[in-house]
Protein chains: 4
Amino acid sequence: MFFQRIKTPGLAHNAYLLGDKQEAVLVDPRRDVEEYLTLARENDLIIKYVIETHRQEDFVIGSKEIAEKTGAKIVSLDHALFGHSDIRLKDRETLTAGGLTFKALHTPGHTPESTSYAVFLKDIPDHAWGVLTGDTLFIGETGRTDLTDPKKTREHAGVLFDAVHEKIAPLGDQTLLWPAHGSGSVCGGNIAERDESTLGLERTCNPVFTKDRAAFIEAKLRERIPRPPYFSRMERLNLQGGIPVAKKPDGIPMLPAKKFASEIKQGIVLDGREPEAFAGGHIPGSYSVWLEGMAIFGGWLANQTTPVYLVLDSMDQLETAVLSLARLGVDNIQGALAGGFAAWRDAGQPLAYSGTVAPRELADARDKFIVLDVRDDTEFEDEGHIADARHLYVGYSEEHLGRIKDDLDRKATIAVVCSVGHRAGLAASILRRNGYHNVKNLLGGMTAWTKLELPTTKGSDHSVTTPDIEGKRE
Amino acid sequence: MFFQRIKTPGLAHNAYLLGDKQEAVLVDPRRDVEEYLTLARENDLIIKYVIETHRQEDFVIGSKEIAEKTGAKIVSLDHALFGHSDIRLKDRETLTAGGLTFKALHTPGHTPESTSYAVFLKDIPDHAWGVLTGDTLFIGETGRTDLTDPKKTREHAGVLFDAVHEKIAPLGDQTLLWPAHGSGSVCGGNIAERDESTLGLERTCNPVFTKDRAAFIEAKLRERIPRPPYFSRMERLNLQGGIPVAKKPDGIPMLPAKKFASEIKQGIVLDGREPEAFAGGHIPGSYSVWLEGMAIFGGWLANQTTPVYLVLDSMDQLETAVLSLARLGVDNIQGALAGGFAAWRDAGQPLAYSGTVAPRELADARDKFIVLDVRDDTEFEDEGHIADARHLYVGYSEEHLGRIKDDLDRKATIAVVCSVGHRAGLAASILRRNGYHNVKNLLGGMTAWTKLELPTTKGSDHSVTTPDIEGKRE
Amino acid sequence: MFFQRIKTPGLAHNAYLLGDKQEAVLVDPRRDVEEYLTLARENDLIIKYVIETHRQEDFVIGSKEIAEKTGAKIVSLDHALFGHSDIRLKDRETLTAGGLTFKALHTPGHTPESTSYAVFLKDIPDHAWGVLTGDTLFIGETGRTDLTDPKKTREHAGVLFDAVHEKIAPLGDQTLLWPAHGSGSVCGGNIAERDESTLGLERTCNPVFTKDRAAFIEAKLRERIPRPPYFSRMERLNLQGGIPVAKKPDGIPMLPAKKFASEIKQGIVLDGREPEAFAGGHIPGSYSVWLEGMAIFGGWLANQTTPVYLVLDSMDQLETAVLSLARLGVDNIQGALAGGFAAWRDAGQPLAYSGTVAPRELADARDKFIVLDVRDDTEFEDEGHIADARHLYVGYSEEHLGRIKDDLDRKATIAVVCSVGHRAGLAASILRRNGYHNVKNLLGGMTAWTKLELPTTKGSDHSVTTPDIEGKRE
Amino acid sequence: MFFQRIKTPGLAHNAYLLGDKQEAVLVDPRRDVEEYLTLARENDLIIKYVIETHRQEDFVIGSKEIAEKTGAKIVSLDHALFGHSDIRLKDRETLTAGGLTFKALHTPGHTPESTSYAVFLKDIPDHAWGVLTGDTLFIGETGRTDLTDPKKTREHAGVLFDAVHEKIAPLGDQTLLWPAHGSGSVCGGNIAERDESTLGLERTCNPVFTKDRAAFIEAKLRERIPRPPYFSRMERLNLQGGIPVAKKPDGIPMLPAKKFASEIKQGIVLDGREPEAFAGGHIPGSYSVWLEGMAIFGGWLANQTTPVYLVLDSMDQLETAVLSLARLGVDNIQGALAGGFAAWRDAGQPLAYSGTVAPRELADARDKFIVLDVRDDTEFEDEGHIADARHLYVGYSEEHLGRIKDDLDRKATIAVVCSVGHRAGLAASILRRNGYHNVKNLLGGMTAWTKLELPTTKGSDHSVTTPDIEGKRE
């Protein structure tokens with residue numbers, strides 16, 4: 001018997017490989033599939049089926065490539081939003097691999113085609129072992145219900161509530177819970193940090209169980225999660241089973257500093273170093289997208305055709321950077337700076353710096369700073385922010401900076417704030433690209449600010465909120 | 001929130017590392033502790049406590065070394081069989097690390113001091129997240145109850161039944177189950193192959209729940225699991241928190257073939273290659289203990305002072321071999337054959353071979369063979385064996401070979417049988433050491449035999465059974 | 001300054017990566033290029049040129065793929081046998097990368113286009129640092145001169161002698177020697193085992209220097225090295241710069257035992273385990289090609305269209321096996337046995353065994369055996385063999401077995417002999433495929449036989465020699 | 001035949017493992033010996049001898065530990081400064097391992113006991129294959145001659161010149177050169193960047209060959225290389241064969257930010273991040289010693305008893321940091337910041353920042369800066385520096401800062417300069433610890449400055465030179 005959750009950092013995504021007697025089922029694979037294939041092979045498993053719980057919107061899937069390489073069949077619900085499955089199950093229909101039985105349960109709400117799969121063991125046929133819930137039921141949370149049409153969030157929230165109660169809950173408290181995402185995903189608001197749970201445990205803590213239907217719907221209506229611009233692109237690609245990675249790390253040209261300097265004018269530069277390092281020195285005009293941030297903000301800053309140039313600490317980070325971008329369909333990586341940032345520095349190429357500021361220092365000289373908070377709406381409003389802070393979510397900041405232009409255009413230094421300093425670093429780099437040079441990153445962000453018990457306030461004053469902004473769609 | 005099961009192959013042992021907000025708890029660490037320390041470190045966790053569920057008997061523990069290296073406190077029940085803990089909890093007493101609370105539950109039966117620990121999350125204080133059950137409750141099984149005194153098995157089985165029902169079951173169906181062993185352990189008879197379960201699921205399938213008290217006790221009385229001779233030694237070492245690994249792989253001398261040949265006369269040779277390779281050629285007098293088998297049979301063949309010499313396929317297996325033996329307290333490794341078996345072969349040193357036989361071939365010429373089945377009693381009697389097979393568990397075969405001497409001393413070839421061929425290979429090597437040279441290993445064992453639908457029988461005829469044999473104790 | 005020899009085991013091939021100030025030159029890359037690209041990247045090097053010393057015949061090259069992935073230019077002599085180079089140098093023309101200068105020296109003899117490259121450092125422009133000699137000058141040996149036309153060996157040997165003396169020797173004693181092959185290559189007869197040498201050292205020991213022109217030519221005429229059938233295929237592919245690997249390990253289907261059993265009838269089975277393991281049990285009809293042997297004998301047994309099925313010890317050997325075959329252009333790998341040989345064994349599938357015999361045992365019962373020596377002609381004749389041994393090189397044995405049929409068709413057991421037991425294992429598997437079932441592999445081979453000081457003889461009696469056999473060409 | 005150079009980055013140290021027929025010789029092992037033992041083992045080699053070329057002063061050796069673990073004998077010249085060798089060779093005496101012969105050649109000058117070993121192959125007994133020259137003859141350089149007594153540099157330079165000419169040169173141009181250090185070592189002034197050379201090549205470029213005796217001695221007298229304070233400590237330890245690593249990475253406690261903050265008052269903090277990251281934010285009072293810099297500057301800042309606390313980017317750098325320090329005898333590592341710098345930042349602990357400045361920016365506002373160049377004397381004087389720069393070698397800056405106090409104590413910003421920015425970062429951190437807070441690190445250093453063709457000058461004005469400073473000895 002084989003069970004393994006394969007996590008994709010950055011995306012906070014979970015794929016699952018389940019196997020018995022050499023037969024295996026792979027659930028919700030991401031675009032770069034080597035890890036799955038190696039895992040199966042070295043555990044003497046043959047992938048018989050690739051199950052898709054839904055048409056993923058936050059990353060490109062790898063179902064089709066796996067099917068081609070292994071002969072596995074792609075399995076989905078029989079629904080129009082799965083465009084490329086070999087086996088199309090009806091609701092409550094089953095399929096088996098080794099001694100494992102997978103039962104399809106149509107559980108719409110997050111998306112119309114969303115399906116959960118209850119998993120049964122041969123020896124215990126009457127009680128579910130676990131349930132693969134895709135983006136329907138997370139640990140401590142449910143999938144967002146604003147995706148297909150924000151105006152129908154109310155309706156979808158009700159549909160999701162009913163699906164969870166009618167299809168999933170009856171499986172029983174003993175059932176292990178295996179969702180497609182963990183904490184940090186853009187597909188749910190407040191997913192718990194642990195990866196292990198059961199339906200019984202969720203019954204005691206998950207809002208879909210602790211609230212009644214009406215209260216649950218109201219809570220979903222209040223939910224405001226940023227909508228990355230790459231969602232619709234992913235959906236298009238995934239309707240056909242995804243596509244193989246366009247350019248493996250080996251295919252990315254290494255560019256010397258001088259060549260890099262001349263080429264980057266035709267594209268954008270993503271700097272994968274930590275925010276302190278970026279603050280200490282960087283290529284003028286580059287974006288500060290730390291390595292793990294590539295997996296989300298790479299898709300906000302670039303699409304499949306944007307010419308992208310990479311700056312890293314060292315070249316052993318290239319694989320992570322390139323695959324993180326590939327998962328978002330960012331395929332046009334034109335090159336990486338050979339030798340990393342040090343090569344640029346030592347070549348005497350132009351440098352820029354942005355500063356940093358410590359929480360205590362900001363608190364002590366509060367009046368010398370304009371504070372710009374770039375966390376998302378929920379974090380800003382519910383978790384507390386610095387009084388008089390301006391607010392604009394980092395993902396929208398390049399596009400909507402104009403909205404807070406008057407606030408920022410004073411002689412004061414801008415202190416950019418997020419939870420610890422990564423997104424603030426990105427926002428600082430965006431501000432600098434837009435002509436604001438007196439910008440500092442609050443190191444430690446609201447995490448440090450709160451630990452020091454510095455004063456905060458709640459609410460939505462000074463906020464450019466998400467409902468106000470129509471997420472750009474391609 | 002961090003949760004990870006760290007498996008030790010061969011021992012089928014599970015340690016657990018749980019952490020939250022940089023504070024971690026390590027449960028039931030084995031003797032070689034580097035993997036745990038690295039895992040904690042690279043996940044930014046500080047080990048605050050080492051919890052021992054019971055005084056392990058099947059491997060040497062590493063609690064004391066971890067405490068010394070990290071400053072962690074060793075935690076146990078306040079019971080005399082824990083000789084070296086810093087924090088001694090009363091039954092139902094708790095301790096916390098980060099947002100995790102661990103509640104001690106005295107659950108004797110397997111051993112008198114056996115303790116389970118229910119784990120609670122800060123956000124869900126009233127319902128257990130999981131339970132660490134040590135050797136009390138396994139997945140699909142319970143711990144053996146014959147250890148401390150085989151004559152009191154009945155009494156201990158009752159005690160264990162009550163502990164599970166009174167202390168563990170009330171935690172609720174939602175509770176995740178985290179035992180100290182998985183399938184293949186010598187601490188339980190028939191542990192399920194999967195690693196994931198919940199109390200709710202166990203309620204539907206585990207004999208401790210599906211049988212009533214009397215029937216459960218009867219079943220435990222019928223249980224006959226071999227008792228390795230190293231158990232009492234481990235207990236003595238573990239009473240004091242275990243001891244560090246005596247000799248790391250780097251400290252094992254590499255011996256050239258000629259020197260190896262002269263030194264091995266003073267000790268025993270363990271050959272870690274697969275049974276087919278051993279059958280094809282080996283050092284006369286060596287034991288065929290395949291690499292994973294070192295973790296169990298190393299302890300049957302050697303104790304802490306036996307001079308041991310190792311023969312491997314290649315030197316990158318040395319670490320596995322040496323640590324597998326170290327976990328059983330086998331510390332006196334005198335050397336490894338430099339260059340592996342190939343070096344011996346190419347040096348023209350003396351060679352021996354034992355043959356192999358395929359199931360169909362044995363079936364077709366059944367009368368030309370004496371069949372010796374070396375699986376344990378339960379496998380032999382309950383899972384079916386070849387008609388007229390003699391039976392003697394491999395672990396006892398060197399010591400008790402005399403008992404079946406008359407059966408074997410005929411001119412026929414001896415076909416040695418186990419489940420697939422590993423233990424049969426070991427038994428074949430033991431037979432050869434004892435003067436039986438016409439010995440063949442049934443490749444594929446009863447697994448292949450059964451797949452071919454060749455005839456089997458059940459019962460205990462021709463068997464030298466365990467109750468008959470007093471497991472040697474040191 | 002960067003210098004690294006990248007060895008390919010099995011092929012005994014050396015590629016070289018030389019770099020300075022971020023600019024690098026890669027010399028003679030093999031077909032699977034990832035290792036080179038990663039090495040360059042992680043050392044902050046940009047591959048500017050790929051130099052080919054000659055049109056390799058013993059493996060498929062990767063020049064074209066590297067050029068496509070990195071933008072590097074392919075460099076060669078301006079000669080018709082280089083069909084695809086971007087920069088075509090005249091004899092004695094130079095090119096530079098960083099502070100390194102490469103000077104082309106036309107050194108024919110092994111092949112007409114063979115070129116050496118003297119390497120000069122910027123600071124020492126008048127004395128060669130090293131020389132890349134391709135297959136012209138090896139350490140202790142020269143390239144074979146029988147390749148393009150065995151009848152012109154005499155002429156080519158003279159050409160090679162002159163090239164070494166006129167072009168390479170004048171570089172001076174201080175020059176480091178960097179050839180394309182080391183000991184074990186099929187491109188030279190008796191290459192020394194060390195990898196480090198200088199022209200000065202070669203002057204004292206290499207036959208091209210220690211013999212005069214006439215004696216050297218005579219020695220080359222006596223040289224008889226087997227000619228693998230894949231040479232001409234490699235040459236065709238390499239004329240165009242090689243082709244990328246057709247199917248990466250991830251693309252090889254894993255087949256369960258039953259499916260494997262039914263599919264293998266359409267192709268050949270290569271078993272990558274050690275000879276003792278093969279002797280102890282194997283799939284009937286399979287070839288015993290140990291893992292490292294794939295890199296040479298894979299090309300004797302299969303061509304680019306032969307359906308190949310793989311049996312391995314474990315799946316972490318798959319990459320080595322698949323790439324070893326790919327380097328020989330063996331591209332039609334239809335699948336690997338999932339779970340390795342153990343899965344076949346445990347499934348009760350049919351098994352065959354061949355036996356082994358120890359040197360002393362063979363010597364003591366010499367008259368009960370027919371000895372078949374399968375080493376190459378030179379080994380058989382010059383290094384000594386067992387008296388009355390029959391001889392047929394393993395590579396020719398399947399095709400030319402008929403020639404020694406009468407010798408073998410007696411009731412005696414055939415003892416197959418090579419240097420240690422690998423090639424003998426392959427020959428034993430070939431004999432068994434051809435109806436000879438009473439076959440044993442002499443473990444330790446002539447290496448062990450000689451160490452035991454058992455009697456040997458020299459000469460070519462009972463030998464089916466290479467000059468007799470026209471190597472098959474595709 | 002086995003030959004491998006094992007480099008230790010940071011120390012720029014080379015050990016060598018040479019082997020033949022399973023017998024190996026290890027030359028000049030460093031303190032942490034696992035890499036050597038694993039390398040030998042996995043290549044089927046048994047270390048028979050450990051050769052010491054001299055009593056190393058720049059790192060702790062591991063000879064004794066290897067001897068204890070493998071049974072190898074320690075070999076040296078029969079000289080009082082080798083205190084712990086098992087085999088003490090006379091000048092020109094030999095010893096063999098496999099087919100390799102090592103001939104001791106007493107070559108004093110760097111130190112009195114310095115010995116070179118010529119290596120001969122069995123097949124070529126009359127011509128040296130290579131020569132292990134320790135610190136006597138480097139590639140492009142010779143060992144420093146000021147160590148034992150700076151006043152006798154003249155005498156020692158002559159002794160070294162004679163030793164090279166009388167003992168090493170006669171081995172012949174063909175001889176491969178295998179010295180104990182490469183470029184970057186503190187044991188020689190201007191070692192070439194390549195690792196491959198021959199005596200013939202050195203004859204054309206190495207000052208010991210291109211200059212006559214008198215000119216060579218004059219050049220050595222002009223050589224001024226900093227003398228690290230740990231040299232005498234290393235010598236003491238190495239006289240007895242070195243000592244095992246005191247505390248492996250696993251033994252270093254992980255400290256949470258709060259505990260780290262309270263403990264560091266009793267010791268020093270070494271920050272292993274890159275200089276830009278340090279500049280962007282760091283723990284007040286910490287030293288900026290980048291990861292590779294630990295291998296040298298760790299020994300300037302701490303001795304064997306200094307309580308050391310480590311700050312790293314991530315915990316997978318811990319092993320490098322701890323071993324780098326251990327090699328310098330820095331053994332009292334009290335802890336590492338769990339979670340790296342991010343944990344400190346997010347805990348709201350106090351932060352400091354130092355700034356950076358780009359070359360063009362410094363050039364454009366030259367009058368607003370005091371420039372402090374912290375490279376060594378030779379770099380400052382011979383390679384060109386910024387006009388009016390003050391000079392004080394980084395290693396001496398904490399101790400001798402008072403000497404340039406008047407120069408620095410003006411209102412201007414101090415721009416600290418080295419070759420690229422690492423040593424300048426360390427000096428900036430030292431300046432900040434000493435009350436100078438207006439400090440910036442010139443990113444790219446003189447490397448970038450020169451590439452931009454900004455003006456430089458040469459000579460020793462404003463320099464606090466080494467001859468002036470008596471290196472502190474313990």
# chains A, B, ... in the order shown; residues from 1 in each chain; ligands from 1
>>> select_by_dssp(residues="stretch 139-223 of chain D", states="alpha helix (DSSP H)", output="VMD selection string")
chain D and resid 153 to 163 199 to 205 207 to 210 213 to 222
>>> interface_residues(of="chain C", to="chain B", cutoff="7 Å", atoms="only C-alpha atoms", output="list in words")
Glu276, Ala277, Ala279, Gly280, Gly281, Arg345, Asp346, Ala347, Gly348, Leu351, Gly355, Thr356, Ala358, Pro359, Val420, Leu443, Gly444, Thr447, Ala448, Trp449, Lys451 and Leu452 of chain C
>>> write_last_selection(atoms="C-alpha atoms", output="mmCIF file, in the first residue's frame")
data_model
loop_
_atom_site.group_PDB
_atom_site.id
_atom_site.type_symbol
_atom_site.label_atom_id
_atom_site.label_comp_id
_atom_site.auth_asym_id
_atom_site.auth_seq_id
_atom_site.Cartn_x
_atom_site.Cartn_y
_atom_site.Cartn_z
ATOM 1 C CA GLU C 276 26.218 -14.215 -9.974
ATOM 2 C CA ALA C 277 22.650 -12.959 -9.667
ATOM 3 C CA ALA C 279 23.382 -17.311 -12.719
ATOM 4 C CA GLY C 280 21.183 -17.729 -9.630
ATOM 5 C CA GLY C 281 17.979 -17.039 -11.561
ATOM 6 C CA ARG C 345 10.410 -14.064 -9.307
ATOM 7 C CA ASP C 346 7.541 -13.388 -6.924
ATOM 8 C CA ALA C 347 4.975 -13.591 -9.715
ATOM 9 C CA GLY C 348 5.852 -17.220 -10.300
ATOM 10 C CA LEU C 351 12.830 -19.073 -14.362
ATOM 11 C CA GLY C 355 25.592 -22.260 -12.883
ATOM 12 C CA THR C 356 28.938 -20.919 -11.789
ATOM 13 C CA ALA C 358 35.265 -21.572 -9.158
ATOM 14 C CA PRO C 359 38.753 -21.677 -10.667
ATOM 15 C CA VAL C 420 36.466 -11.775 -14.274
ATOM 16 C CA LEU C 443 33.714 -16.752 -11.446
ATOM 17 C CA GLY C 444 36.741 -14.519 -11.170
ATOM 18 C CA THR C 447 42.095 -12.847 -13.103
ATOM 19 C CA ALA C 448 41.391 -15.317 -10.322
ATOM 20 C CA TRP C 449 42.873 -18.223 -12.292
ATOM 21 C CA LYS C 451 46.225 -15.229 -9.001
ATOM 22 C CA LEU C 452 45.933 -18.865 -8.010
#
>>> closest_residue(among="D:Leu137, D:Leu100, D:Leu176, D:Ala246", to="D:Ile124", atoms="only C-alpha atoms")
D:Leu100
>>> atom_distance(atom1="atom CA of A:Arg92", atom2="atom CA of A:Leu177")
18.1 Å
>>> residues_around(residues="A:Leu401", least_positions_apart="3", cutoff="10 Å", atoms="only C-alpha atoms", output="count of residues only")
13
>>> atom_distance(atom1="atom CA of A:Ala387", atom2="atom CA of A:Ile225")
22.6 Å
>>> residues_around(residues="A:Leu81", least_positions_apart="6", cutoff="7 Å", atoms="only C-alpha atoms", output="PyMOL selection string")
chain A and resi 55+113+239
>>> write_last_selection(atoms="N, CA and C atoms", output="PDB file, in the first residue's frame")
ATOM      1  N   ARG A  55     -10.755  21.403 -13.105  1.00  0.00           N
ATOM      2  CA  ARG A  55      -9.894  22.053 -14.080  1.00  0.00           C
ATOM      3  C   ARG A  55      -9.129  23.146 -13.351  1.00  0.00           C
ATOM      4  N   GLU A 113     -17.440  21.905 -12.308  1.00  0.00           N
ATOM      5  CA  GLU A 113     -17.091  20.514 -12.554  1.00  0.00           C
ATOM      6  C   GLU A 113     -16.392  19.861 -11.359  1.00  0.00           C
ATOM      7  N   LEU A 239      -7.961  22.663 -19.898  1.00  0.00           N
ATOM      8  CA  LEU A 239      -9.099  22.020 -20.552  1.00  0.00           C
ATOM      9  C   LEU A 239      -8.621  20.908 -21.475  1.00  0.00           C
TER      10      LEU A 239
END
>>> residues_around(residues="A:Arg154", least_positions_apart="5", cutoff="9 Å", atoms="only C-alpha atoms", output="ChimeraX atom specification")
/A:145-146,159,217-218,220-221
>>> residues_around(residues="stretch 295-303 of chain D", least_positions_apart="6", cutoff="10 Å", atoms="only C-alpha atoms", output="PyMOL selection string")
chain D and resi 8-12+58-59+185-186+227-231+233+267-270+287-289+320-332+394-396+398+423+426+472+474
>>> residues_around(residues="C:Pro108", least_positions_apart="3", cutoff="10 Å", atoms="only C-alpha atoms", output="PyMOL selection string")
chain C and resi 54+105+111-116+135-136+145+156-164
>>> select_by_dssp(residues="stretch 154-222 of chain C", states="strand (DSSP E or B)", output="PyMOL selection string")
chain C and resi 176-179+181+188+198
>>> write_last_selection(atoms="all heavy atoms", output="short mmCIF file (atom, residue, chain, number, x, y, z; two decimals), in the first residue's frame")
data_model
loop_
_atom_site.label_atom_id
_atom_site.label_comp_id
_atom_site.auth_asym_id
_atom_site.auth_seq_id
_atom_site.Cartn_x
_atom_site.Cartn_y
_atom_site.Cartn_z
N LEU C 176 50.36 18.92 -21.02
CA LEU C 176 49.42 17.96 -20.44
C LEU C 176 48.65 17.26 -21.55
O LEU C 176 48.32 17.88 -22.57
CB LEU C 176 48.43 18.68 -19.51
CG LEU C 176 49.09 19.19 -18.21
CD1 LEU C 176 48.36 20.43 -17.69
CD2 LEU C 176 49.08 18.09 -17.16
N LEU C 177 48.35 15.99 -21.34
CA LEU C 177 47.72 15.18 -22.38
C LEU C 177 46.26 14.90 -22.03
O LEU C 177 45.98 14.31 -20.99
CB LEU C 177 48.50 13.86 -22.52
CG LEU C 177 47.99 12.87 -23.55
CD1 LEU C 177 47.87 13.50 -24.93
CD2 LEU C 177 48.92 11.66 -23.61
N TRP C 178 45.34 15.34 -22.91
CA TRP C 178 43.92 15.20 -22.65
C TRP C 178 43.23 14.46 -23.80
O TRP C 178 42.63 15.09 -24.69
CB TRP C 178 43.29 16.58 -22.47
CG TRP C 178 43.86 17.36 -21.30
CD1 TRP C 178 44.22 16.86 -20.08
CD2 TRP C 178 44.15 18.77 -21.25
NE1 TRP C 178 44.69 17.88 -19.26
CE2 TRP C 178 44.65 19.05 -19.95
CE3 TRP C 178 44.01 19.83 -22.16
CZ2 TRP C 178 45.02 20.35 -19.56
CZ3 TRP C 178 44.37 21.10 -21.78
CH2 TRP C 178 44.88 21.36 -20.47
N PRO C 179 43.29 13.13 -23.80
CA PRO C 179 42.69 12.35 -24.89
C PRO C 179 41.18 12.12 -24.68
O PRO C 179 40.66 12.37 -23.59
CB PRO C 179 43.44 11.03 -24.80
CG PRO C 179 43.79 10.91 -23.36
CD PRO C 179 43.95 12.31 -22.81
N HIS C 181 39.63 9.20 -24.72
CA HIS C 181 39.28 7.92 -24.10
C HIS C 181 40.32 7.52 -23.07
O HIS C 181 41.50 7.87 -23.17
CB HIS C 181 39.17 6.80 -25.14
CG HIS C 181 37.92 6.86 -25.94
ND1 HIS C 181 36.68 6.62 -25.39
CD2 HIS C 181 37.69 7.13 -27.25
CE1 HIS C 181 35.75 6.74 -26.33
NE2 HIS C 181 36.33 7.06 -27.46
N GLY C 188 40.87 1.97 -28.71
CA GLY C 188 42.31 1.76 -28.61
C GLY C 188 42.57 0.45 -27.90
O GLY C 188 41.73 -0.03 -27.13
N THR C 198 51.58 13.50 -19.48
CA THR C 198 52.15 14.63 -20.20
C THR C 198 52.86 14.06 -21.43
O THR C 198 53.18 12.87 -21.48
CB THR C 198 53.20 15.36 -19.35
OG1 THR C 198 54.22 14.43 -18.98
CG2 THR C 198 52.57 15.95 -18.09
#
>>> atom_distance(atom1="atom CA of D:His13", atom2="atom CA of D:Ala180")
5.8 Å
>>> decode(residues="stretch 227-254 of chain D", atoms="C-alpha atoms", output="compact mmCIF listing (two decimals), in the first residue's frame")
# COMPACT_ATOMS: atom_id res chain seq x y z
CA ARG D 227 49.79 36.57 8.80
CA PRO D 228 46.61 35.22 10.36
CA PRO D 229 46.71 34.94 14.15
CA TYR D 230 45.69 31.28 14.06
CA PHE D 231 48.87 30.02 12.40
CA SER D 232 50.76 29.22 15.59
CA ARG D 233 47.70 27.47 17.06
CA MET D 234 47.38 25.24 14.02
CA GLU D 235 51.04 24.35 14.21
CA ARG D 236 50.71 23.21 17.78
CA LEU D 237 47.75 20.98 16.99
CA ASN D 238 49.30 19.58 13.84
CA LEU D 239 52.53 18.62 15.55
CA GLN D 240 50.49 15.82 17.10
CA GLY D 241 48.66 14.81 13.92
CA GLY D 242 45.66 17.09 14.40
CA ILE D 243 42.48 16.42 16.37
CA PRO D 244 39.01 15.25 15.31
CA VAL D 245 36.27 17.83 14.74
CA ALA D 246 35.01 18.83 18.18
CA LYS D 247 31.38 19.47 17.33
CA LYS D 248 29.73 18.23 14.16
CA PRO D 249 26.94 20.35 12.68
CA ASP D 250 24.43 18.08 14.42
CA GLY D 251 25.85 19.11 17.75
CA ILE D 252 25.26 22.84 17.30
CA PRO D 253 22.19 24.00 19.22
CA MET D 254 19.51 25.81 17.21
